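Student: Next up is a structure, given as structure tokens.
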Amino acid sequence: MGILENLYKMTAIQDFINNPGYLLMLAIGSFLLYLGIRKQYEPLLLVPIAFGVILANLPGGGMGVVSADLINLEGGHTKNLLEIAQDHGIMNFLYYSLIKTGFLPPIIFMGIGALTDFGPMLRNLRLAFFGAAAQLGIFIVLIAAIALGFTAKEAASLGIIGGADGPTAIYTTIKLAPHLLGPIAIAAYSYMALVPVIIPLVVRLTCSKKELLIHMKDMDKQYPSKLKIKNLRAVKIAFPIVLGIIISIFVPSAVPLLGMLLFGNLIKEIGVNVARLSEAATGSILNTATIFLGLSVGATMTAEVFLDFKTIMIVVGGFLAFAVSIFGGIMGVKVTNLFTKKKINPLCGATGLSAVPMASRVANDIALKYDSSNHILQYCMSSNISGVIGSAVAAGVLISFLQ
Amino acid sequence: MGILENLYKMTAIQDFINNPGYLLMLAIGSFLLYLGIRKQYEPLLLVPIAFGVILANLPGGGMGVVSADLINLEGGHTKNLLEIAQDHGIMNFLYYSLIKTGFLPPIIFMGIGALTDFGPMLRNLRLAFFGAAAQLGIFIVLIAAIALGFTAKEAASLGIIGGADGPTAIYTTIKLAPHLLGPIAIAAYSYMALVPVIIPLVVRLTCSKKELLIHMKDMDKQYPSKLKIKNLRAVKIAFPIVLGIIISIFVPSAVPLLGMLLFGNLIKEIGVNVARLSEAATGSILNTATIFLGLSVGATMTAEVFLDFKTIMIVVGGFLAFAVSIFGGIMGVKVTNLFTKKKINPLCGATGLSAVPMASRVANDIALKYDSSNHILQYCMSSNISGVIGSAVAAGVLISFLQ
Amino acid sequence: MGILENLYKMTAIQDFINNPGYLLMLAIGSFLLYLGIRKQYEPLLLVPIAFGVILANLPGGGMGVVSADLINLEGGHTKNLLEIAQDHGIMNFLYYSLIKTGFLPPIIFMGIGALTDFGPMLRNLRLAFFGAAAQLGIFIVLIAAIALGFTAKEAASLGIIGGADGPTAIYTTIKLAPHLLGPIAIAAYSYMALVPVIIPLVVRLTCSKKELLIHMKDMDKQYPSKLKIKNLRAVKIAFPIVLGIIISIFVPSAVPLLGMLLFGNLIKEIGVNVARLSEAATGSILNTATIFLGLSVGATMTAEVFLDFKTIMIVVGGFLAFAVSIFGGIMGVKVTNLFTKKKINPLCGATGLSAVPMASRVANDIALKYDSSNHILQYCMSSNISGVIGSAVAAGVLISFLQ
Amino acid sequence: MNEMGIALELLGVGMVTVFIILALVVILGDLIIRFVNKFMPEPEKVSAAKSTVSVPEINSKKIAAIVSAVSKVTNGGGRVVNIEKL
Amino acid sequence: MNEMGIALELLGVGMVTVFIILALVVILGDLIIRFVNKFMPEPEKVSAAKSTVSVPEINSKKIAAIVSAVSKVTNGGGRVVNIEKL
Amino acid sequence: MNEMGIALELLGVGMVTVFIILALVVILGDLIIRFVNKFMPEPEKVSAAKSTVSVPEINSKKIAAIVSAVSKVTNGGGRVVNIEKL
Ligand code: NA
Ligand code: NA
Ligand code: NA
């Protein structure tokens, strides 16, 4: 009898009876796994996040991230990592050493930088400008969220989903509203996966057939103006260095993200002499960081934190932020077209929201549907890549003003 | 004169004169290296452990793991990792950040999961049940150890050697009796390497020739009952998710081990979409974890800690635990055979103790010696793999009751 | 108006106006990048260091390593890593967890050990002795630096540049004079890259044509004495173990460096059974360590720390240390030649300063210029490899006496 | 003896738990197989098509060619684990 | 409303900053291209020789050839994990 | 001057230690070679047999063949970094 009672006490059955929210969270985790595995929504991130959600909501497993209140001590001190591991288990050890410190997002940006080729952007440099207009959703949703009762920090973390950049959204949220990290990360990655749905939707609502038929290569032939690059390798090496320094002077709080992005890009472009480094940055470091980021971000989503009205607002707001950003990019092109003879296809603005290179592929497919000779992929890539810089800059502004 | 004196003081010669135990430990470390290099006993773990033993026993080198008494401060606080590194050197930094936190064993389990194929188990699912009987040695040795004066926590750490699973033994010992970590880890890995000796020994003592001649494939033909799997990939993906959730509800304290094992397995089975993750889990993460686990586990074996009566008990008790577990697995089959017409070769029970896939290969070799057409490898793999789950569950029970 | 003011405050422009030193540091960082990328001076280390310098000197970016005064609390305590990350950003998190703890240099030594082949040294064992004479520059520059007003600890860190070994120099400086880490690391790696210039310079000043014509292979034929190695693999496995133990007894403080070097070498020589470990040691671990070592060492060079008279002294003193070490190696040979019939080419002494294998290649090229049949590469490699051990031993002595 | 009492209880609880769990493994495995056999008996084609999309730089024809070449000459024993475009 | 004031200011500051920065990206990129075109128009030969080393031009046909060659000589036991251009 | 005294002592202790250690390297290396020559002059067969079990059985001739094949198709620019037996 005593044995059976002890056996029952050991199980988590009573916890589920006391708090059925755990079961709901397990269902949500399983649904996210379904999205990642079957629907192939950004599986590299969504699968670890989803599994982290499941681990965190197995009561008694000690794999859920605990509130910072349990970590903070008096006098501005915190528990140290050894104490965190002993008191709260390995998932909190991971979360507080790798995520809460703001460490992993810049590390992932280093890997992304080492995977990014700035070539398409350099060849169509003017289009890079539309990466700015496509940050509109960030700030519009920020305003809307404040109107709905979010604090400024929470609203900024919600808005940054409109940057369409996972690590940037995570980094900003860590700095401003860590209690919303789970839903914001999931919204960011889910909507990135839904870009093939969201872009056509916004384009259909805002662009005329005539605009979508604007033929980028014909325009280039009609109004040739582009600088020819005589030594691409030298330009590609100089570009991240100069850019990094100048941007950082204007938005210093973006240095951890943009600095690491451009460092990764630099070691990529230097090539063979530092190939060991770029292999590590894009290989073991990036992959390891992705696993631990995913698991521990997912593990922040315990029933208590997630089952909150704000989560639904994040789901809705994140979608709006995406849509408004795409709208901003399109409007940026339309306004420009009012003043220039050399017209730009508005699809090259829609791709300003990051989500490299998926946004460009989607935009290209739309253009080809209207005119099968209108290959605009290379043009879209320019604003697409500059959108990464744009959202990191926007994040820097938000962090600088609100932290 | 002063120079020579200072020179002598710098050396560790006086330390060896004061405490010749260091020399004995260096000899033990060298012997372990011999086992790992020449005898090829689990070299991946035993070589780093052995080198850790040597490093720890070079007095003055500061590479031995110090007692937790030197790390714990008043009020439940501990030194932080930076203080540990500055006061006690890099090996303690490694040990207290990666081992004492319980971090590495689950990480290694993630890698093992990503290397494990549950296919053979799914194809012979009923045999998986015998992975339970083969945990008997854990609890029998636990009782014996308590009778001989070990505390319950120490006895549990000793018994878990009978699970034949290195990371599980290490994880349990970290949680229950960290001062015994070195000898228990070494015993676990040494006896795993001795499986080709221990299994035949126990089989010879307990099984009749008639039993060993039971022909598994013939039995399958005679009593066909197995479910045909129509979509192996889908089953393999669903299996770790469902299993993880259900097991974790019953034994929540096994979540860090089993959760990570099944996460690793899940990313393996998802395949190409998350190949970066499974490559990292089985490659750089697993290998790095192995090096640091081995070195720092070895470094816990300083002369003061190791040269103790308990170490000999662990060597003897660990062997018993292995033997009794194999015996348990065999008896499980024998008892089942009493009640069924479809007989099972008892070798399929002997492999229930983990040590994948070596135990299965050894059992297969024995079966082939009696009947050269009796290929039982695939059958053995079922209980062999389930033995990993079984010992992790047993570890969860021990931790849950004793911590 | 308020917006523009806030916008201006966000930028770092005012910081540059207040402290133009930052601009100078950015120029220095860019120059180091030029050396690493264009001149290919040890790019694997110099590029990350240079980028670290740039990141650290973007005011407001929070990527500069702060003084230990801001980390140390009263009572011998320090901020923990989580507090360091929150107060001072990710670069300080990296620096204080990986560098200040003394962690990365031994880890890099493990990788170097796993890349080093002791074969050439074992085949010409007697020449290994000249790796000792080539440590002279360390101690001569130490004396000179003290005469010029450096503290003993600073002087030792400066002198160790003469060991021509990056990780050893960094490890010693972390232990003795961490405030000089940036310039010393840069000097060490820059002069290692300048070995093709420095060795010929010193050789020209000290060696006669007759000496440089000494033909090593002819001497070997004339005075055959070398032991034939019948089982190279066994020797190569035993060597790091025995050597590690004996050296460590004499210079215990060199254990973290030499122990890890010899561990790396051991797993290399064991071969296939532990290939996973040596792949990790030379691959993901070494590359990751190099990136983070480089970035965070570079990030110690903030304007305040670097723009100091001592920096110039380090640049000059480092060069002297290199030159005197080469001189010491050459004089070691010359003195030996006075007492033996079997003459040694002094170039085999010049290579005693480490910088494997570049020093040997440079020496070989010089020898071939004088006599195109005088291939001395294999001979040079002996003192070259032993020079690594020699400088680690010297570092151990310095740390033992001064820490 | 108290410690011994704990030990005996652990023997009971432990072995019972292990048996329950591995029984669950058998039962759940069985249920999953039946469920999959019933509701998704064939590896779906859509997912297969999608996954080729996710291997971007080297086109699928080339991969198929390489893979079949490898399979042929290796009699099914070899596998191309990873092909990276350089 | 104070929070809303901040929000509106952020809209202003944020969008202006992003526009300035991406304008700088365009301008700096243009200047770098012009600078490089003027002062180092050709990939310098020393560096170029070295840099070709860095772009391993092993095309897929060659890979297929290698893979099949490997399979053949190893009787299906070998696999090419990685081919690096030296 | 005290600091200078330390410096001179370090010169003495340091150079003496380095010379002793590298003398030990020479002597120990010599002893190990003699010991191995005497007691295990040949790479033992048992271990060799064992290691072939664990070594993917791709023998050196095959590797040579593969390497030369790779060199040929890549015009000397490729190198086989690793071959694994599956
Ligand atoms: Na963006
Ligand atoms: Na087991
Ligand atoms: Na040296």
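How things are named: the first chain in the structure tokens is A, the next is B, and so on; residues count from 1 in each chain; ligands count from 1 in the order shown.
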Compile the contact shell of Leu98 (chain B) as a PyMOL selection string: residues with an atom at most 10 Å away, counting only C-alpha atoms, same-chain residues fewer than 3 positions apart removed.
Tutor: (chain A and resi 82+85+90) or (chain B and resi 92-95+101-105+289+292-293+296)
Student: How would you write, as a VMD selection string, the set of residues no farther than 9 Å from ligand 2 when counting only C-alpha atoms and all ligand atoms?
Tutor: chain B and resid 131 to 132 134 to 135 160 to 165 168 325 352 to 355 384 to 392 394
Student: Please check the contacts: residues of chain A at most 6 Å away from chain B, using only C-alpha atoms, listed as a PyMOL selection string.
Tutor: chain A and resi 11-12+44+60-61+80+85+90+287
Student: Can you check which residues of chain A have any atom within 9 Å of chain D? Use only C-alpha atoms and format it as a list in words.
Tutor: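 Going by the stated atoms only, the list reads Ile3, Leu4, Asn6, Leu7, Arg38, Lys39 and Gln40 of chain A.
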Student: Compile the contact shell of Phe19 (chain F) as a list in words: residues with an atom at most 8 Å away, counting only C-alpha atoms, same-chain residues fewer than 3 positions apart removed.
Tutor: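 Listing them by chain and then by number gives Phe129, Ala132 and Ala133 of chain C; Met15, Val16, Leu22 and Ala23 of chain F.
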Student: Show which residues sit within 12 Å of region 148-150 of chain A, as a list in words. Count only C-alpha atoms, and ignore same-chain residues fewer than 6 positions away.
Tutor: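 Using only C-alpha atoms, the neighbours found are Val141, Leu142, Ala156, Ser157, Leu158, Gly159, Ala177, Leu180, Phe309, Lys310, Thr311, Met313, Ile314 and Gly317 of chain A; Met1, Glu3, Met4 and Ala7 of chain E.
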Student: Hey, what does DSSP flag as helix (DSSP H, G or I) within region 306-350 of chain C? Can you give it to me as a ChimeraX atom specification?
Tutor: /C:306,309-339,347-350
Student: Go through A:Tyr379, A:Phe339, A:Phe327, A:Phe322 and flag the residue nearest ligand 1, using only C-alpha atoms and all ligand atoms for the distances.
Tutor: A:Phe322
Student: Give me the residues within 10 Å of His215 (chain C) as a PyMOL selection string, counting only C-alpha atoms and dropping any in the same chain fewer than 6 places off.
Tutor: chain C and resi 343-345+367+371+373-376
